[in-house]
file target.cif (mmCIF, C-alpha atoms)
data_coords
#
loop_
_atom_site.label_atom_id
_atom_site.label_comp_id
_atom_site.auth_asym_id
_atom_site.auth_seq_id
_atom_site.Cartn_x
_atom_site.Cartn_y
_atom_site.Cartn_z
CA MET U 6 120.72 159.04 118.69
CA THR U 7 118.34 157.20 121.00
CA ALA U 8 118.89 153.84 122.67
CA ILE U 9 116.28 152.38 120.32
CA GLU U 10 118.33 153.39 117.31
CA ASN U 11 121.39 151.77 118.90
CA ASP U 12 119.53 148.50 119.49
CA PRO U 13 120.33 146.10 116.62
CA THR U 14 117.35 143.88 117.52
CA SER U 15 114.75 146.67 117.53
CA VAL U 16 113.72 146.19 113.90
CA ARG U 17 113.28 142.45 114.38
CA ARG U 18 110.72 142.66 117.17
CA PRO U 19 107.09 142.98 116.08
CA LEU U 20 105.87 146.55 116.05
CA ASP U 21 103.01 147.31 118.42
CA ALA U 22 101.48 150.31 120.14
CA GLU U 23 103.67 149.89 123.21
CA ARG U 24 106.86 150.06 121.16
CA VAL U 25 105.64 153.11 119.30
CA ILE U 26 104.71 154.93 122.51
CA ALA U 27 107.95 153.93 124.22
CA ALA U 28 110.00 155.20 121.28
CA ALA U 29 108.07 158.48 121.24
CA ALA U 30 108.54 158.89 125.00
CA GLU U 31 112.27 158.31 124.71
CA ILE U 32 112.60 160.92 121.97
CA ALA U 33 110.43 163.44 123.81
CA ASP U 34 112.37 163.03 127.06
CA ALA U 35 115.79 163.14 125.42
CA GLU U 36 115.24 165.85 122.84
CA GLY U 37 112.11 167.72 123.91
CA LEU U 38 108.48 167.31 123.00
CA ASP U 39 108.76 169.89 120.23
CA LYS U 40 111.23 167.61 118.42
CA LEU U 41 108.79 164.71 118.38
CA THR U 42 107.29 163.84 114.99
CA LEU U 43 105.90 160.66 113.51
CA THR U 44 108.77 160.66 111.05
CA ARG U 45 111.24 160.84 113.93
CA VAL U 46 109.55 157.91 115.68
CA ALA U 47 109.50 155.83 112.49
CA ASP U 48 113.20 156.48 111.93
CA ALA U 49 114.01 155.47 115.51
CA LEU U 50 112.10 152.21 115.07
CA GLY U 51 113.57 151.51 111.66
CA VAL U 52 110.20 151.45 109.88
CA ARG U 53 108.39 153.60 107.36
CA GLN U 54 105.96 156.13 108.76
CA PRO U 55 102.82 154.42 107.33
CA ALA U 56 103.61 151.40 109.53
CA LEU U 57 102.90 153.52 112.60
CA TYR U 58 99.29 154.06 111.59
CA ARG U 59 98.45 150.47 112.43
CA HIS U 60 99.11 151.35 116.06
CA VAL U 61 98.41 155.10 116.44
CA ALA U 62 95.84 157.16 114.59
CA GLY U 63 98.24 160.04 114.09
CA TYR U 64 100.31 162.62 115.94
CA ASP U 65 97.44 163.77 118.18
CA ASP U 66 96.72 160.18 119.19
CA LEU U 67 100.39 159.66 119.99
CA LEU U 68 100.42 162.85 122.06
CA ARG U 69 97.35 161.66 123.93
CA SER U 70 99.09 158.37 124.75
CA LEU U 71 102.13 160.22 126.05
CA SER U 72 99.98 162.50 128.20
CA LEU U 73 98.23 159.45 129.65
CA ARG U 74 101.54 157.75 130.38
CA GLY U 75 102.88 160.90 132.00
CA ARG U 76 99.95 161.12 134.38
CA GLU U 77 100.12 157.42 135.22
CA ILE U 78 103.83 157.59 136.02
CA LEU U 79 103.31 160.74 138.07
CA ALA U 80 100.56 159.14 140.15
CA GLN U 81 102.72 156.10 140.87
CA ARG U 82 105.73 158.19 141.82
CA LEU U 83 103.69 160.31 144.19
CA ALA U 84 102.17 157.24 145.79
CA ASP U 85 105.59 155.63 146.24
CA ALA U 86 107.01 158.82 147.77
CA ALA U 87 104.23 159.05 150.36
CA VAL U 88 104.56 155.49 151.68
CA GLY U 89 105.08 155.48 155.44
CA LEU U 90 104.73 159.26 155.77
CA SER U 91 101.96 161.55 156.93
CA GLY U 92 101.18 165.20 157.41
CA ASP U 93 103.82 167.76 156.47
CA ASP U 94 106.41 165.08 155.76
CA ALA U 95 104.13 163.48 153.18
CA VAL U 96 103.31 166.81 151.53
CA ALA U 97 107.01 167.59 151.19
CA ALA U 98 107.78 164.11 149.86
CA VAL U 99 105.16 164.19 147.11
CA GLY U 100 106.23 167.71 146.19
CA HIS U 101 109.83 166.63 145.72
CA ALA U 102 108.67 163.53 143.82
CA TRP U 103 106.65 165.77 141.49
CA ARG U 104 109.71 167.89 140.74
CA GLN U 105 111.86 164.81 140.16
CA MET U 106 109.30 163.39 137.75
CA VAL U 107 109.53 166.54 135.64
CA ARG U 108 113.32 166.37 135.70
CA ASP U 109 113.45 162.69 134.80
CA ARG U 110 110.68 162.62 132.19
CA PRO U 111 110.41 166.16 130.81
CA GLY U 112 108.98 165.13 127.46
CA ILE U 113 106.06 163.05 128.60
CA TYR U 114 105.34 165.47 131.44
CA ALA U 115 105.16 168.29 128.90
CA ALA U 116 102.65 166.20 126.96
CA THR U 117 100.23 166.40 129.89
CA ASP U 118 99.88 170.11 129.13
CA ARG U 119 99.57 169.68 125.38
CA TYR U 120 96.54 167.38 125.19
CA PRO U 121 93.25 168.35 126.86
CA CYS U 122 91.81 165.79 129.24
CA ALA U 123 88.29 167.24 129.56
CA GLY U 124 85.76 164.87 128.01
CA ASP U 125 88.24 162.00 127.71
CA ALA U 126 87.23 159.42 130.32
CA GLN U 127 90.61 157.67 130.41
CA LEU U 128 92.59 160.88 130.81
CA GLU U 129 90.15 162.24 133.38
CA ALA U 130 90.57 159.02 135.36
CA ALA U 131 94.35 159.42 135.23
CA VAL U 132 94.05 162.95 136.60
CA GLU U 133 91.77 161.66 139.35
CA ARG U 134 94.44 159.11 140.33
CA VAL U 135 96.93 161.93 140.82
CA LEU U 136 94.39 163.88 142.85
CA GLY U 137 93.56 160.73 144.78
CA VAL U 138 97.15 160.36 145.94
CA LEU U 139 97.27 164.00 147.03
CA GLY U 140 93.95 163.56 148.80
CA GLN U 141 95.30 160.58 150.71
CA VAL U 142 98.33 162.61 151.76
CA LEU U 143 95.96 165.17 153.26
CA ARG U 144 94.24 162.51 155.36
CA GLY U 145 96.89 163.31 157.97
CA TYR U 146 95.07 166.57 158.64
CA ASP U 147 91.65 167.01 160.18
CA LEU U 148 89.94 168.63 157.20
CA THR U 149 86.34 168.71 156.13
CA ASP U 150 85.64 166.92 152.86
CA GLU U 151 85.19 170.23 151.07
CA ASP U 152 88.44 171.68 152.44
CA ARG U 153 90.30 168.52 151.47
CA VAL U 154 89.09 168.83 147.89
CA HIS U 155 90.26 172.43 147.66
CA ALA U 156 93.57 171.68 149.40
CA THR U 157 94.18 168.79 147.02
CA ARG U 158 93.64 171.01 143.99
CA THR U 159 95.90 173.64 145.53
CA LEU U 160 98.75 171.17 146.00
CA ARG U 161 98.41 170.03 142.41
CA SER U 162 98.42 173.59 141.11
CA ALA U 163 101.38 174.62 143.25
CA PHE U 164 103.58 171.62 142.44
CA HIS U 165 102.75 171.73 138.75
CA GLY U 166 103.30 175.47 138.54
CA PHE U 167 106.64 175.39 140.34
CA SER U 168 107.89 172.42 138.31
CA HIS U 169 106.72 173.98 135.05
CA LEU U 170 108.59 177.20 135.80
CA GLU U 171 111.65 175.30 136.95
CA SER U 172 111.79 173.17 133.81
CA GLY U 173 111.75 176.32 131.67
CA ASP U 174 114.36 178.18 133.75
CA GLY U 175 111.56 180.41 134.97
CA HIS U 176 113.09 181.01 138.41
CA PRO U 177 115.56 183.90 138.05
CA LEU U 178 118.96 183.81 139.67
CA PRO U 179 120.42 184.32 142.24
CA HIS U 180 117.56 182.72 144.17
CA ASP U 181 118.07 179.04 144.99
CA PRO U 182 115.10 176.98 143.71
CA GLU U 183 115.64 174.47 146.53
CA ASP U 184 115.16 177.14 149.17
CA THR U 185 112.19 178.56 147.30
CA PHE U 186 110.57 175.15 147.04
CA ASP U 187 111.08 174.51 150.76
CA HIS U 188 109.35 177.81 151.45
CA LEU U 189 106.53 176.83 149.11
CA VAL U 190 106.01 173.59 151.04
CA GLN U 191 106.04 175.48 154.33
CA LEU U 192 103.43 177.91 153.05
CA LEU U 193 101.24 175.10 151.74
CA CYS U 194 101.46 173.17 154.99
CA ALA U 195 100.78 176.28 157.06
CA GLY U 196 97.68 176.89 154.96
CA VAL U 197 96.47 173.34 155.42
CA HIS U 198 97.01 173.58 159.17
CA ARG U 199 94.99 176.78 159.17
CA LEU U 200 92.09 174.88 157.61
CA SER U 201 92.54 171.88 159.89
CA ARG U 202 90.20 171.47 162.84
CA ASN U 203 93.16 169.97 164.70
CA THR U 204 95.88 172.61 164.86
CA THR U 205 98.56 170.23 166.19
CA PRO U 206 101.21 169.72 163.45
CA SER U 207 101.13 166.18 162.08
CA GLY U 208 104.72 165.91 160.91
CA SER U 209 107.79 168.05 160.42
CA ILE U 210 108.41 170.12 157.33
CA VAL U 211 111.46 168.99 155.40
#
call {"tool": "encode", "arguments": {"input": "target.cif", "output": "structure tokens"}}
result
Amino acid sequence: MTAIENDPTSVRRPLDAERVIAAAAEIADAEGLDKLTLTRVADALGVRQPALYRHVAGYDDLLRSLSLRGREILAQRLADAAVGLSGDDAVAAVGHAWRQMVRDRPGIYAATDRYPCAGDAQLEAAVERVLGVLGQVLRGYDLTDEDRVHATRTLRSAFHGFSHLESGDGHPLPHDPEDTFDHLVQLLCAGVHRLSRNTTPSGSIV
């Protein structure tokens, strides 16, 4: 049972899109995205399912909203993690923040893979905010604009891929995921330094 279902005041507050999305996010994070249905959301909010259609067009629209929220939260977490850091330290910090986001909000993070962003201006902008944070992290290295673009995309792919595998128990034992992730960060930073026109390390790898 979700916290919403335990809240005796939830049915008294006016229903709006924010409440619907919040309820869906809570269910998806607690029980898994595959368990999310409009019926489940309506039950959690104490309303009939048709009431939801005043605020979301349907399941796909709800999924889109969750994928947008997931990207927005991710961008903010990455930005917060990088404050006051630069170079290798910043790369490691945003990588760990990415993993923690997936651990904390598995349902809405999973939604970012379930709804395509191509052609959707709002979702594309949300992806660009994530890339923008990663690009800023790479300002600590002396990269050409083109190399920074490719390095930014590489960081995104690496952190997403590792986190996706980790969330699905895709890293076989007895290998320690923490050690593997530290090695991933070292490899990424070494690659960025190789591209950098200034080969002096700009921070320690953690």
call {"tool": "residues_around", "arguments": {"input": "target.cif", "residues": "U:Gly63", "least_positions_apart": "2", "cutoff": "12 Å", "atoms": "all atoms listed in the file", "output": "JSON, numbers by chain"}}
result
{"U": [22, 25, 26, 42, 43, 44, 46, 54, 55, 56, 57, 58, 59, 60, 61, 65, 66, 67, 68, 69, 70]}
call {"tool": "resolve_selection", "arguments": {"input": "target.cif", "expression": "the PyMOL selection byres ((chain U and resi 139-153) around 6)", "output": "ChimeraX atom specification"}}
result
/U:91-92,136-138,154-157,201-203
call {"tool": "resolve_selection", "arguments": {"input": "target.cif", "expression": "the PyMOL selection byres ((chain U and resi 166) around 12)", "output": "list in words"}}
result
Gly100, Trp103, Arg104, Val107, Asp118, Arg158, Thr159, Leu160, Arg161, Ser162, Ala163, Phe164, His165, Phe167, Ser168, His169, Leu170, Glu171, Ser172, Gly173, Gly175, His176, Phe186 and Leu189 of chain U
call {"tool": "write_last_selection", "arguments": {"input": "target.cif", "atoms": "C-alpha atoms", "output": "short mmCIF file (atom, residue, chain, number, x, y, z; two decimals), in the frame of the given file"}}
result
data_model
loop_
_atom_site.label_atom_id
_atom_site.label_comp_id
_atom_site.auth_asym_id
_atom_site.auth_seq_id
_atom_site.Cartn_x
_atom_site.Cartn_y
_atom_site.Cartn_z
CA GLY U 100 106.23 167.71 146.19
CA TRP U 103 106.65 165.77 141.49
CA ARG U 104 109.71 167.89 140.74
CA VAL U 107 109.53 166.54 135.64
CA ASP U 118 99.88 170.11 129.13
CA ARG U 158 93.64 171.01 143.99
CA THR U 159 95.90 173.64 145.53
CA LEU U 160 98.75 171.17 146.00
CA ARG U 161 98.41 170.03 142.41
CA SER U 162 98.42 173.59 141.11
CA ALA U 163 101.38 174.62 143.25
CA PHE U 164 103.58 171.62 142.44
CA HIS U 165 102.75 171.73 138.75
CA PHE U 167 106.64 175.39 140.34
CA SER U 168 107.89 172.42 138.31
CA HIS U 169 106.72 173.98 135.05
CA LEU U 170 108.59 177.20 135.80
CA GLU U 171 111.65 175.30 136.95
CA SER U 172 111.79 173.17 133.81
CA GLY U 173 111.75 176.32 131.67
CA GLY U 175 111.56 180.41 134.97
CA HIS U 176 113.09 181.01 138.41
CA PHE U 186 110.57 175.15 147.04
CA LEU U 189 106.53 176.83 149.11
#
call {"tool": "resolve_selection", "arguments": {"input": "target.cif", "expression": "the PyMOL selection byres ((chain U and resi 30) around 10)", "output": "list in words"}}
result
Arg24, Val25, Ile26, Ala27, Ala28, Ala29, Glu31, Ile32, Ala33, Asp34, Ala35, Glu36, Gly37, Leu38, Leu41, Val46, Leu67, Leu68, Ser70, Leu71, Ser72, Arg74, Gly75, Arg110, Pro111, Gly112, Ile113, Tyr114 and Ala116 of chain U
call {"tool": "axis_aligned_box", "arguments": {"input": "target.cif", "around": "stretch 126-135 of chain U", "padding_each_side": "3 Å", "output": "lines of an AutoDock Vina configuration file"}}
result
center_x = 92.1
center_y = 160.3
center_z = 135.6
size_x = 15.7
size_y = 11.3
size_z = 16.5
call {"tool": "atom_distance", "arguments": {"input": "target.cif", "atom1": "atom CA of U:Arg45", "atom2": "atom CA of U:Gln105"}}
result
26.5 Å
